[in-house]
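Trainee: Could you have a look at this structure, given as structure tokens, before my questions?
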Amino acid sequence: MIYQHRYLDGSAVDLPMGKVVCVGRNYAEHARELNNPVPTEPLLFIKPATSVVPIGDKISLIQNRGPVHYETEIALLIGQRLSGEVSDGDAAAAVIGVGLALDLTLRELQDQLKAKAHPWERAKSFDGACPLSPFVPAAEAGELSELGMQLDINGECRQRGTAAEMITPILTLIKHIATQFTLLPGDVVITGTPAGVGVLQPGDRLQLSIPGKLQIDTRIAG
Ligand code: ZN
């Protein structure tokens, strides 16, 4: 079953779940921690609607495919069609919600695929690969360029970042994506992960937050 978008107050968003457009290496420190070059233009990939699951009380990890790594990312819910060259104003108006996502990654498989110059989908687009939070309505989320986020695991801060640190800032990123793929209402853009990625273990307790706006407590099943 495809997950239905929700707002933080529990109400359903009246849009279908679309694709999740993702950007790799959008924080320089994270690119360096995986020994990747810092890209000169956004490195885009897509997770399908079937990869999205809600971040509820617990997150179930895919079994028997190797270690699952977390990447915490600011997620943007798209509410208007964007295609081709669009203005800053249109890009900003298209963002109707702000939340958090985990870009779950089978890192050993991804490394094998990268070594062969093969696509990453099997490492990043499997069912359950995109746990997604409810969305804060954009009108309540403040300036997109000032958003921050944090991931704590078992009470210890593992990832912390702000939109101001992104190599490609949010509006520039949305505008670039629209030149490559049409964005439709119900699509999600996830904006890259800061340094501090690592493996998830059964029983880990996760707290994800956009300080002052959103806080989600969950745990890894098992
Ligand atoms: Zn990512």
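Each chain in the structure tokens gets a letter, A, B and so on, in the order shown; residues start at 1 in every chain, and ligands are counted from 1 in the order they appear.
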Give me, as CSV, each residue of chain A that comes within 9 Å of ligand 1, together with its shortest interatomic pair and the distance in Å at one decimal, counting only C-alpha atoms and all ligand atoms, with rows ordered by chain and rising residue number.

Mentor:
```
residue,atom,partner,partner_atom_place_in_ligand_line,distance
A:Cys22,CA,ligand 1,1 (Zn),6.5
A:Val23,CA,ligand 1,1 (Zn),6.3
A:Gly24,CA,ligand 1,1 (Zn),5.4
A:Arg25,CA,ligand 1,1 (Zn),7.4
A:Asn26,CA,ligand 1,1 (Zn),8.5
A:Tyr70,CA,ligand 1,1 (Zn),8.4
A:Glu71,CA,ligand 1,1 (Zn),5.4
A:Thr72,CA,ligand 1,1 (Zn),7.3
A:Glu73,CA,ligand 1,1 (Zn),6.8
A:Leu102,CA,ligand 1,1 (Zn),7.7
A:Asp103,CA,ligand 1,1 (Zn),4.9
A:Leu104,CA,ligand 1,1 (Zn),7.7
A:Thr105,CA,ligand 1,1 (Zn),8.0
A:Lys124,CA,ligand 1,1 (Zn),8.7
A:Ile190,CA,ligand 1,1 (Zn),7.5
A:Thr191,CA,ligand 1,1 (Zn),7.4
A:Gly192,CA,ligand 1,1 (Zn),4.8
A:Thr193,CA,ligand 1,1 (Zn),5.3
A:Pro194,CA,ligand 1,1 (Zn),8.9
```

Trainee: Using N, CA, C and O atoms, can you export the residues from the last selection as an mmCIF file, in the first residue's frame?

Mentor:
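After the write, part-v1.cif holds the following:
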```
data_model
loop_
_atom_site.group_PDB
_atom_site.id
_atom_site.type_symbol
_atom_site.label_atom_id
_atom_site.label_comp_id
_atom_site.auth_asym_id
_atom_site.auth_seq_id
_atom_site.Cartn_x
_atom_site.Cartn_y
_atom_site.Cartn_z
ATOM 1 N N CYS A 22 15.857 13.123 -4.865
ATOM 2 C CA CYS A 22 16.905 13.188 -3.844
ATOM 3 C C CYS A 22 18.160 13.807 -4.451
ATOM 4 O O CYS A 22 18.410 13.660 -5.646
ATOM 5 N N VAL A 23 18.948 14.453 -3.595
ATOM 6 C CA VAL A 23 20.225 14.996 -4.040
ATOM 7 C C VAL A 23 21.337 14.395 -3.183
ATOM 8 O O VAL A 23 21.227 14.349 -1.963
ATOM 9 N N GLY A 24 22.344 13.901 -3.863
ATOM 10 C CA GLY A 24 23.504 13.346 -3.155
ATOM 11 C C GLY A 24 24.541 14.429 -2.927
ATOM 12 O O GLY A 24 24.642 15.386 -3.702
ATOM 13 N N ARG A 25 25.295 14.292 -1.854
ATOM 14 C CA ARG A 25 26.483 15.138 -1.619
ATOM 15 C C ARG A 25 26.150 16.620 -1.651
ATOM 16 O O ARG A 25 26.809 17.403 -2.335
ATOM 17 N N ASN A 26 25.105 17.015 -0.906
ATOM 18 C CA ASN A 26 24.747 18.445 -0.889
ATOM 19 C C ASN A 26 25.343 19.172 0.311
ATOM 20 O O ASN A 26 25.085 20.355 0.497
ATOM 21 N N TYR A 70 21.652 5.244 7.847
ATOM 22 C CA TYR A 70 20.729 6.387 7.876
ATOM 23 C C TYR A 70 21.388 7.592 7.221
ATOM 24 O O TYR A 70 22.600 7.776 7.313
ATOM 25 N N GLU A 71 20.557 8.418 6.588
ATOM 26 C CA GLU A 71 20.937 9.767 6.161
ATOM 27 C C GLU A 71 19.722 10.628 6.484
ATOM 28 O O GLU A 71 18.653 10.414 5.907
ATOM 29 N N THR A 72 19.845 11.560 7.405
ATOM 30 C CA THR A 72 18.716 12.416 7.782
ATOM 31 C C THR A 72 18.677 13.632 6.870
ATOM 32 O O THR A 72 19.712 14.267 6.650
ATOM 33 N N GLU A 73 17.479 13.945 6.361
ATOM 34 C CA GLU A 73 17.392 15.001 5.349
ATOM 35 C C GLU A 73 16.129 15.840 5.537
ATOM 36 O O GLU A 73 15.066 15.311 5.887
ATOM 37 N N LEU A 102 14.350 9.943 6.190
ATOM 38 C CA LEU A 102 15.576 9.153 6.266
ATOM 39 C C LEU A 102 15.799 8.541 4.889
ATOM 40 O O LEU A 102 14.932 7.827 4.378
ATOM 41 N N ASP A 103 16.925 8.890 4.293
ATOM 42 C CA ASP A 103 17.320 8.286 3.016
ATOM 43 C C ASP A 103 18.095 7.022 3.380
ATOM 44 O O ASP A 103 19.312 7.046 3.509
ATOM 45 N N LEU A 104 17.346 5.922 3.604
ATOM 46 C CA LEU A 104 18.007 4.676 4.015
ATOM 47 C C LEU A 104 18.783 4.091 2.837
ATOM 48 O O LEU A 104 18.310 4.090 1.694
ATOM 49 N N THR A 105 19.966 3.605 3.142
ATOM 50 C CA THR A 105 20.912 3.207 2.104
ATOM 51 C C THR A 105 21.590 1.900 2.486
ATOM 52 O O THR A 105 22.108 1.772 3.597
ATOM 53 N N LYS A 124 19.029 2.121 -2.722
ATOM 54 C CA LYS A 124 18.363 3.290 -2.159
ATOM 55 C C LYS A 124 16.865 3.359 -2.432
ATOM 56 O O LYS A 124 16.198 4.248 -1.902
ATOM 57 N N ILE A 190 13.997 15.657 -1.231
ATOM 58 C CA ILE A 190 14.836 15.569 -0.039
ATOM 59 C C ILE A 190 16.205 16.122 -0.395
ATOM 60 O O ILE A 190 16.693 15.949 -1.513
ATOM 61 N N THR A 191 16.800 16.850 0.550
ATOM 62 C CA THR A 191 17.767 17.892 0.210
ATOM 63 C C THR A 191 19.203 17.571 0.581
ATOM 64 O O THR A 191 20.039 18.452 0.632
ATOM 65 N N GLY A 192 19.486 16.290 0.841
ATOM 66 C CA GLY A 192 20.860 15.901 1.147
ATOM 67 C C GLY A 192 21.102 15.796 2.636
ATOM 68 O O GLY A 192 20.336 16.318 3.441
ATOM 69 N N THR A 193 22.170 15.082 2.975
ATOM 70 C CA THR A 193 22.430 14.804 4.389
ATOM 71 C C THR A 193 23.743 15.422 4.829
ATOM 72 O O THR A 193 24.705 15.445 4.060
ATOM 73 N N PRO A 194 23.779 15.939 6.053
ATOM 74 C CA PRO A 194 25.057 16.419 6.585
ATOM 75 C C PRO A 194 25.934 15.259 7.027
ATOM 76 O O PRO A 194 25.524 14.089 6.975
#
```

Trainee: Which residues are close to Leu151 of chain A, i.e. within 9 Å by only C-alpha atoms, leaving aside same-chain residues fewer than 4 positions away? Reply as a ChimeraX atom specification.

Mentor: /A:72,156-160,206-209

Trainee: Atom CA of Leu132 of chain A and atom CA of Pro54 of chain A, how far apart in Å?

Mentor: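 Distance between the two atoms: 5.1 Å.
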
Trainee: Output as a VMD selection string all residues of segment 2-222 of chain A that backbone DSSP marks as helix (DSSP H, G or I).

Mentor: chain A and resid 28 to 33 49 to 51 88 to 94 107 to 115 121 to 124 138 to 141 144 to 146 163 to 165 170 to 180

Trainee: Excluding same-chain residues fewer than 3 positions from segment 108-111 of chain A, what lies within 8 Å of it counting only C-alpha atoms, as an mmCIF file with N, CA, C and O atoms, in the first residue's frame?

Mentor:
```
data_model
loop_
_atom_site.group_PDB
_atom_site.id
_atom_site.type_symbol
_atom_site.label_atom_id
_atom_site.label_comp_id
_atom_site.auth_asym_id
_atom_site.auth_seq_id
_atom_site.Cartn_x
_atom_site.Cartn_y
_atom_site.Cartn_z
ATOM 1 N N ARG A 65 20.088 -7.932 3.405
ATOM 2 C CA ARG A 65 20.715 -7.299 2.242
ATOM 3 C C ARG A 65 21.917 -6.450 2.661
ATOM 4 O O ARG A 65 22.355 -5.591 1.916
ATOM 5 N N GLY A 66 22.404 -6.689 3.865
ATOM 6 C CA GLY A 66 23.577 -5.944 4.329
ATOM 7 C C GLY A 66 23.186 -4.790 5.231
ATOM 8 O O GLY A 66 21.998 -4.555 5.472
ATOM 9 N N PRO A 67 24.189 -4.083 5.772
ATOM 10 C CA PRO A 67 23.925 -3.001 6.725
ATOM 11 C C PRO A 67 23.096 -1.880 6.102
ATOM 12 O O PRO A 67 23.284 -1.529 4.934
ATOM 13 N N THR A 105 19.966 3.605 3.142
ATOM 14 C CA THR A 105 20.912 3.207 2.104
ATOM 15 C C THR A 105 21.590 1.900 2.486
ATOM 16 O O THR A 105 22.108 1.772 3.597
ATOM 17 N N LYS A 114 28.559 1.405 -7.183
ATOM 18 C CA LYS A 114 29.388 2.540 -7.609
ATOM 19 C C LYS A 114 30.667 2.051 -8.280
ATOM 20 O O LYS A 114 31.097 2.609 -9.295
ATOM 21 N N ALA A 115 31.260 1.008 -7.704
ATOM 22 C CA ALA A 115 32.518 0.494 -8.258
ATOM 23 C C ALA A 115 32.325 -0.008 -9.688
ATOM 24 O O ALA A 115 33.252 0.033 -10.501
ATOM 25 N N TRP A 120 22.180 3.235 -8.679
ATOM 26 C CA TRP A 120 22.094 3.018 -7.233
ATOM 27 C C TRP A 120 20.760 2.461 -6.763
ATOM 28 O O TRP A 120 20.590 2.216 -5.574
ATOM 29 N N ARG A 122 18.994 -0.188 -6.443
ATOM 30 C CA ARG A 122 18.838 -1.331 -5.538
ATOM 31 C C ARG A 122 19.307 -0.990 -4.128
ATOM 32 O O ARG A 122 18.853 -1.609 -3.159
ATOM 33 N N ALA A 123 20.199 -0.029 -3.987
ATOM 34 C CA ALA A 123 20.724 0.346 -2.665
ATOM 35 C C ALA A 123 19.890 1.411 -1.976
ATOM 36 O O ALA A 123 20.029 1.620 -0.771
ATOM 37 N N LYS A 124 19.029 2.121 -2.722
ATOM 38 C CA LYS A 124 18.363 3.290 -2.159
ATOM 39 C C LYS A 124 16.865 3.359 -2.432
ATOM 40 O O LYS A 124 16.198 4.248 -1.902
#
```

Trainee: Tell me which of A:Leu200, A:Ala129, A:Ala164, A:Ile220 sits closest to His69 of chain A, counting only C-alpha atoms.

Mentor: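 Using only C-alpha atoms, His69 of chain A sits closest to A:Leu200.
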
Trainee: With distances taken over only C-alpha atoms, which of A:Val197, A:Leu106, A:Ala138, A:Ala75 is nearest to Gln63 of chain A?

Mentor: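 Among A:Val197, A:Leu106, A:Ala138, A:Ala75, it is A:Leu106 that comes nearest to Gln63 of chain A.
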
Trainee: Using only C-alpha atoms, which of A:Ile216, A:Ile174, A:Val53, A:Ala91 sits nearest His5 of chain A?

Mentor: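 Of A:Ile216, A:Ile174, A:Val53, A:Ala91, the one nearest His5 of chain A, counting only C-alpha atoms, is A:Val53.
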
Trainee: What gap, in Å, lies between atom CA of Leu144 of chain A and atom CA of Val189 of chain A?

Mentor: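 Spanning atom CA of Leu144 of chain A to atom CA of Val189 of chain A is a straight-line distance of 12.8 Å.
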
Trainee: Neighbours of Asp14 of chain A within 12 Å (only C-alpha atoms; same-chain residues fewer than 3 positions away dropped), as number ranges by chain?

Mentor: A: 4-7, 11, 17, 77-79, 96, 185-186

Trainee: Save out the residues we just selected, C-alpha atoms, as a PDB file, in the first residue's frame.

Mentor:
```
ATOM      1  CA  GLN A   4      -0.651   8.855   2.344  1.00  0.00           C
ATOM      2  CA  HIS A   5       0.973  12.238   3.095  1.00  0.00           C
ATOM      3  CA  ARG A   6       0.003  13.744   6.455  1.00  0.00           C
ATOM      4  CA  TYR A   7       0.353  17.054   8.192  1.00  0.00           C
ATOM      5  CA  SER A  11      -4.790  15.482   8.971  1.00  0.00           C
ATOM      6  CA  MET A  17       2.238  10.150  -2.930  1.00  0.00           C
ATOM      7  CA  LEU A  77       6.351  18.543   0.027  1.00  0.00           C
ATOM      8  CA  ILE A  78       5.578  19.869  -3.453  1.00  0.00           C
ATOM      9  CA  GLY A  79       2.064  21.223  -3.992  1.00  0.00           C
ATOM     10  CA  ILE A  96       3.625  23.503   0.850  1.00  0.00           C
ATOM     11  CA  PRO A 185       1.762  17.841  -6.547  1.00  0.00           C
ATOM     12  CA  GLY A 186       2.500  15.121  -4.002  1.00  0.00           C
TER      13      GLY A 186
END
```

Trainee: Name the residues of segment 61-170 of chain A that come out as strand (DSSP E) in a backbone DSSP run; write them as a PyMOL selection string.

Mentor: chain A and resi 68-70+72-78+95-102+105-106+130-132+136-137+148-153+156-162
